[in-house]
Amino acid sequence: MITWEAPIWLYLWLAGMAGGACFATVLVNAFSRGAYRPLVRLGIYVGVPLAVIGVLLLVTDLGIPLRFWHLMLIFKPLSAMSMGTWILFFFVAAGIIAIIQWWGQSIVTYPTASCGASWAPHPVTDGAAFLRPASWGVSSGFFYETSGKERPIHLS
Amino acid sequence: MAKAALIDISKCMGCRGCQVACKQWNGRQAVTTKNTGGYENPPALSASTWTRVEFYEGYGQWSFRKHQCMHCTEASCEAVCPSGAISHSGEVVLIDQQKCVGCGYCVVACPFDAVHRDDPRGTAQKCWFCFDRVSNGLTPACAKTCPPKAILFGDREEMLAMGSKRVQELLAAGTARANLYGEREVGGTAWLYVLPDRPSLFGLPDRPQVATTNLIANWLGGVITAGVVTVLPFWLLFRRRQELEKEKSAKRD
């Protein structure tokens, strides 16, 4: 007899909301040919934190929560839980990278202060410029739609 | 040479010596219990109770079945374990207590309800076929202690031969549905039962299934359902909108 305790049913609800928010907004944007790009950002800002909370709930439900990293050492298609671990990992990683990148962009678009010499690497800008191709690699088209088609920030 | 244990239900007398031997040899804690009106005790198989004799009345006479991990060849728990803690060593299915994260997936996946996680330690635990004894040439503690020799231990071939012989005896004596359980179930189990009747009368699944049997169909079903339920409404909505816009622009022209 399977009984789902509070962390599990809460997680199921949160994961449904998170996946739904991201998936639905991306679909709306795709089918309207890019007319709803801000909505996608909203979807990811709503969805990714919910997914993070869900993941934390799942970790607390483990018999030994501090051993959660054992799950990150193995990729096992036979085990739905192993696949779930990796799906959640890539979902959250891609979402966080997309969010960091938007923050980077917003700082570049409105430069308010000079950060020392012009040749010195800027912690936020150059970090974002590095993360953008990385996020394309990680999210393989899912968040590509959301990352905007503007010129690369290091050229703007 | 693969080892196996054979339990002859028709010989078991329900003394539960195996339970005591198991607890003693493996240093399992006693469980707080109370009288529930039956003779079964402790209340259930758990992380600290690795074997337990269950009492059944469905078959014409009062019968007893020792319940423990079956050590399946195609083990569901091993297939689903996301931390790789469960593995086979020969015919024995072992849980690595250092690797187990205590997610409880094996507890749900086991078709025999033999793995449990209700221990302060947090990890999943179960019968380990007295691995320390067996790998040193001894018999498991429960088999060693069984007074009517209802639990036999030895080479698998030999156990299968003895089991079939006993089934033939029972059939000849008029027990029409006597059968040997575990020869082919889930790839063959290391614990075999001589049953006088259908397995379900003794709390065993008639057709045990490995938890990953319909894996691809299940994933495909989920993904396709989710895809249709989410993609279709948006696609229809925006197609309709585009049609309306086209009509509008056509009218304007």
# chains A, B, ... in the order shown; residues from 1 in each chain; ligands from 1
$ closest_atom_pairs --of "chain A" --to "chain B" --cutoff "8 Å" --atoms "only C-alpha atoms" --output "CSV"
residue,atom,partner,partner_atom,distance
A:Met1,CA,B:Val108,CA,8.0
A:Ile2,CA,B:Val108,CA,6.8
A:Ala24,CA,B:Thr230,CA,7.0
A:Leu27,CA,B:Phe234,CA,6.9
A:Val28,CA,B:Phe234,CA,6.4
A:Phe31,CA,B:Phe238,CA,6.3
A:Ser32,CA,B:Phe238,CA,6.4
A:Asp61,CA,B:Cys103,CA,7.3
A:Leu62,CA,B:Cys103,CA,4.7
A:Gly63,CA,B:Gly122,CA,4.0
A:Ile64,CA,B:Val101,CA,5.4
A:Pro65,CA,B:Val101,CA,7.1
A:Arg67,CA,B:Val101,CA,5.5
A:Phe68,CA,B:Val101,CA,6.5
A:His70,CA,B:Ser83,CA,5.6
A:Leu71,CA,B:Ser83,CA,5.0
A:Leu73,CA,B:Ser83,CA,7.5
A:Ile74,CA,B:Ser83,CA,6.4
A:Phe75,CA,B:Pro82,CA,7.9
A:Lys76,CA,B:Pro82,CA,6.8
A:Leu78,CA,B:Val80,CA,6.1
A:Ser79,CA,B:Val80,CA,4.2
A:Ala80,CA,B:Val80,CA,7.0
A:Met81,CA,B:Pro82,CA,5.9
A:Ser82,CA,B:Pro82,CA,4.7
$ atom_distance --atom1 "CA of Phe90 in chain A" --atom2 "CA of Asp96 in chain B"
27.6 Å
$ atom_distance --atom1 "CA of Trp191 in chain B" --atom2 "CA of Gln125 in chain B"
17.6 Å
$ residues_around --residues "Val167 in chain B" --least-positions-apart "4" --cutoff "9 Å" --atoms "only C-alpha atoms" --output "ChimeraX atom specification"
/B:162-163,171-172,175,178-180,194-196
$ atom_distance --atom1 "CA of Val115 in chain B" --atom2 "CA of Val92 in chain B"
13.9 Å
$ residues_around --residues "Gly38 in chain B" --least-positions-apart "6" --cutoff "12 Å" --atoms "only C-alpha atoms" --output "list in words"
Glu54, Phe55, Tyr56 and Glu57 of chain B
$ select_by_dssp --residues "range 70-218 of chain B" --states "strand (DSSP E or B)" --output "MDAnalysis selection string"
chainID B and resid 72 86:89 92:95 116 125 151:155 179:181 189 191:195
$ write_last_selection --atoms "N, CA and C atoms" --output "short mmCIF file (atom, residue, chain, number, x, y, z; two decimals), in the first residue's frame"
data_model
loop_
_atom_site.label_atom_id
_atom_site.label_comp_id
_atom_site.auth_asym_id
_atom_site.auth_seq_id
_atom_site.Cartn_x
_atom_site.Cartn_y
_atom_site.Cartn_z
N CYS B 72 15.14 -12.44 -6.14
CA CYS B 72 14.76 -12.67 -7.54
C CYS B 72 15.98 -12.51 -8.46
N ILE B 86 21.54 -1.29 -4.72
CA ILE B 86 21.10 -2.68 -4.72
C ILE B 86 21.77 -3.42 -5.86
N SER B 87 22.37 -4.57 -5.54
CA SER B 87 23.06 -5.32 -6.59
C SER B 87 23.01 -6.80 -6.26
N HIS B 88 23.30 -7.61 -7.26
CA HIS B 88 23.38 -9.05 -7.07
C HIS B 88 24.81 -9.43 -6.72
N SER B 89 24.95 -10.32 -5.76
CA SER B 89 26.23 -10.99 -5.56
C SER B 89 25.92 -12.47 -5.69
N VAL B 92 22.35 -13.71 -4.57
CA VAL B 92 21.86 -12.92 -3.43
C VAL B 92 21.70 -11.46 -3.83
N VAL B 93 20.56 -10.86 -3.46
CA VAL B 93 20.33 -9.43 -3.71
C VAL B 93 20.71 -8.69 -2.44
N LEU B 94 21.67 -7.77 -2.56
CA LEU B 94 22.19 -7.06 -1.40
C LEU B 94 21.91 -5.57 -1.51
N ILE B 95 21.66 -4.91 -0.36
CA ILE B 95 21.51 -3.46 -0.33
C ILE B 95 22.76 -2.88 0.34
N HIS B 116 11.87 -2.87 3.33
CA HIS B 116 11.21 -1.86 4.18
C HIS B 116 12.20 -0.81 4.62
N GLN B 125 16.10 -1.86 4.18
CA GLN B 125 16.75 -3.08 4.66
C GLN B 125 15.87 -4.29 4.40
N ILE B 151 12.61 -25.70 5.91
CA ILE B 151 13.50 -24.84 5.13
C ILE B 151 14.76 -25.64 4.82
N LEU B 152 14.99 -25.87 3.55
CA LEU B 152 16.20 -26.59 3.13
C LEU B 152 17.07 -25.64 2.34
N PHE B 153 18.37 -25.86 2.41
CA PHE B 153 19.29 -24.98 1.71
C PHE B 153 20.34 -25.82 1.00
N GLY B 154 20.64 -25.44 -0.25
CA GLY B 154 21.66 -26.17 -0.99
C GLY B 154 21.79 -25.65 -2.41
N ASP B 155 22.37 -26.47 -3.28
CA ASP B 155 22.50 -26.07 -4.68
C ASP B 155 21.12 -25.95 -5.30
N ASN B 179 2.11 -27.07 -6.23
CA ASN B 179 3.03 -26.53 -7.24
C ASN B 179 4.31 -26.04 -6.60
N LEU B 180 5.33 -25.88 -7.45
CA LEU B 180 6.62 -25.37 -7.00
C LEU B 180 6.71 -23.92 -7.42
N TYR B 181 6.82 -23.02 -6.44
CA TYR B 181 6.80 -21.58 -6.73
C TYR B 181 8.21 -21.04 -6.71
N THR B 189 13.54 -17.35 -8.58
CA THR B 189 13.91 -16.77 -7.29
C THR B 189 14.80 -17.74 -6.53
N TRP B 191 14.61 -18.23 -3.39
CA TRP B 191 13.78 -18.90 -2.38
C TRP B 191 12.64 -19.58 -3.13
N LEU B 192 12.53 -20.89 -2.94
CA LEU B 192 11.50 -21.67 -3.62
C LEU B 192 10.49 -22.13 -2.59
N TYR B 193 9.24 -22.25 -3.01
CA TYR B 193 8.19 -22.73 -2.12
C TYR B 193 7.54 -23.98 -2.70
N VAL B 194 7.28 -24.96 -1.88
CA VAL B 194 6.36 -26.02 -2.26
C VAL B 194 5.01 -25.61 -1.70
N LEU B 195 4.05 -25.30 -2.61
CA LEU B 195 2.75 -24.82 -2.18
C LEU B 195 1.70 -25.88 -2.46
#
$ residues_around --residues "Leu58 in chain A" --least-positions-apart "2" --cutoff "8 Å" --atoms "only C-alpha atoms" --output "PyMOL selection string"
chain A and resi 7-8+11+54-56+60-62
$ residues_around --residues "range 200-208 of chain B" --least-positions-apart "2" --cutoff "9 Å" --atoms "only C-alpha atoms" --output "PyMOL selection string"
chain B and resi 54-59+63-65+67+111-112+185-186+195+197-198+210
